[in-house]
Amino acid sequence: MSQQPLASSVQPTDIYGGDEVAAIVLDPGYCHTRAGFAGEEMPKQVIPSFYGQIGERELFGDEYINPRANFEVKNYMNRDSVVEDWDAAANLWEWMLVERLQPPRPLPPSKNGLNIGDDGDVVMDEDGNPSAPPAEGAEEGAEEYEKPLYENPLLMTEAPWNSAKAREKAIEVVMETWSCPAFWLSKTPVLSAFAAGKATALVLDVGGANTSVTAIHDGMVLKRSVQRSHVGGLWLSGQIRTMLDGSEPKVDIVPTFMVENKKPVEAGQPAEARLRKFDFPISNSFRAYEEERVLTEFKESVVEVWRSPGRLLTPGNEDYARSQPGRVFEFPDGYNQMWREQRYKVAEGMWDENAAYGANNADESSRLSKSQTIPGLIKAALDGVDVDVRPNLLANVVVTGSTSLLNGFNDRLNLELGALYPGMKIKIHAAGLTSERRFGAWIGGSILGSLGTFHQMWISRTEYQENGAGIVEKRCK
């Protein structure tokens, strides 16, 4: 008689695999944190990595970031996309994975009241004595059951420059606090390459806090190739602020929450808006967070990358840019203006350090260097790898990250790479769908976590107990 397959309710005990185990993929970033189940196309939850704090109380989720008394907006990461506040990080991740991602769980046996009789008395045994307490092992098992993610293996992403100390802290949180049965830590460029179907690639990740270029060879990061710069979405916001401050008339950013009502005005005319008044002072951190929302909208609808001919500072190009169709943007208070050559200039510093706002600044620390631009990062990354590998990397350039969605970005990248490496075959792989570009690393993690062949790679809870947190350094290269 042939062996009967396991019922769907029966979990295989020897592996963390099969469709029965719902592995979770967690992708933390400076601007947003993404989470969902492996095997799905998109993350189920995307929430800001910023959170609110009133005294000791922490508030997670965009819906709670509202004007309130004594309300500060904080981030658990630093600008390098490395976790700084582990208590806040663990609390936000747990809230996201338990409260938002999964359906409500039944109460554990020790707390669900089923050992209490109908009359409210403790259940007695046959001899009229109170039921014996559970055995020592059973109590420990119950404790494990009560922990939030005891059933779900967790795959987490990390920046290529993440420290060994931070990696060990991550596995401690996952295993000690959440009791996950298995864990894996993977670098974001590797997963972005997997999402594009590549095992070998040059990954350009243009995110919110920074831009990085990493060479991946056969699924491994070539460490000497890792380059990063602060020229990302927040830097671009800074360029827009400088442009608005220097425009005539100067444009003040009034966040949406401050506007009670407004009247339509002609382009370039002063805004006519009534502002809300609050009985408490608005914190600088909350105001900055809300202003960043306005700047993000400006980036998405107005800013464009100069494609050709040549660079924007080439003689005659700025005049040509002025003759191109402009874009109108209306600020929350009703002020609106047509933006022409300025919308190209704010992004030009990503490619040409001399074109950035503040390039002539006497303070050298605030000026961009050539090595911090995207062409500079790519050149440094390729200079750090073997000459024989370079042609293969240039034929597999993977572009990911939200800031890479700027209009004209891929065309300009193609031109810059052609100028840097004339005669070499260059092929850029950039997902057409906005969501795929924004969630590249998460999608790669989803693919990896759902592969049957990957299930033998997980670091199991038993391995962690035997070897300690140091195992993550040995296993997750």
# chains A, B, ... in the order shown; residues from 1 in each chain; ligands from 1

$ select_by_dssp --residues "range 245-334 of chain A" --states "strand (DSSP E or B)" --output "MDAnalysis selection string"
chainID A and resid 259:263 272:275 304 327:330

$ residues_around --residues "Lys165 in chain A" --least-positions-apart "4" --cutoff "12 Å" --atoms "only C-alpha atoms" --output "PyMOL selection string"
chain A and resi 82-84+86+161+169-172+469-470+472-473

$ closest_residue --among "A:Ala395, A:Ala182, A:Val226, A:Leu275" --to "Ile459 in chain A" --atoms "only C-alpha atoms"
A:Ala182

$ residues_around --residues "Ser225 in chain A" --least-positions-apart "6" --cutoff "9 Å" --atoms "only C-alpha atoms" --output "list in words"
Val213, Thr214, Ala215, Ile216, Ile378, Ala380, Ala381, Leu382, Asp383, Gly384 and Val385 of chain A

$ closest_residue --among "A:Tyr335, A:Tyr320, A:Tyr289, A:Trp184" --to "Lys250 in chain A" --atoms "only C-alpha atoms"
A:Tyr335

$ closest_residue --among "A:Pro153, A:Leu377, A:Thr400, A:Pro160" --to "Glu436 in chain A" --atoms "only C-alpha atoms"
A:Thr400

$ atom_distance --atom1 "CA of Ser369 in chain A" --atom2 "CA of Asn75 in chain A"
27.7 Å

$ atom_distance --atom1 "CA of Leu415 in chain A" --atom2 "CA of Arg307 in chain A"
8.0 Å

$ residues_around --residues "Ala201 in chain A" --least-positions-apart "3" --cutoff "7 Å" --atoms "only C-alpha atoms" --output "ChimeraX atom specification"
/A:193,198,215-217,393,396-398

$ write_last_selection --atoms "C-alpha atoms" --output "PDB file, in the first residue's frame"
ATOM      1  CA  ALA A 193      19.600  40.984  -7.900  1.00  0.00           C
ATOM      2  CA  LYS A 198      20.310  37.643 -11.636  1.00  0.00           C
ATOM      3  CA  ALA A 215      28.875  44.054  -7.159  1.00  0.00           C
ATOM      4  CA  ILE A 216      27.238  40.627  -6.711  1.00  0.00           C
ATOM      5  CA  HIS A 217      28.973  37.517  -8.066  1.00  0.00           C
ATOM      6  CA  LEU A 393      28.667  43.145 -14.240  1.00  0.00           C
ATOM      7  CA  ASN A 396      23.775  43.100 -15.729  1.00  0.00           C
ATOM      8  CA  VAL A 397      23.233  46.492 -14.082  1.00  0.00           C
ATOM      9  CA  VAL A 398      20.206  46.228 -11.758  1.00  0.00           C
TER      10      VAL A 398
END
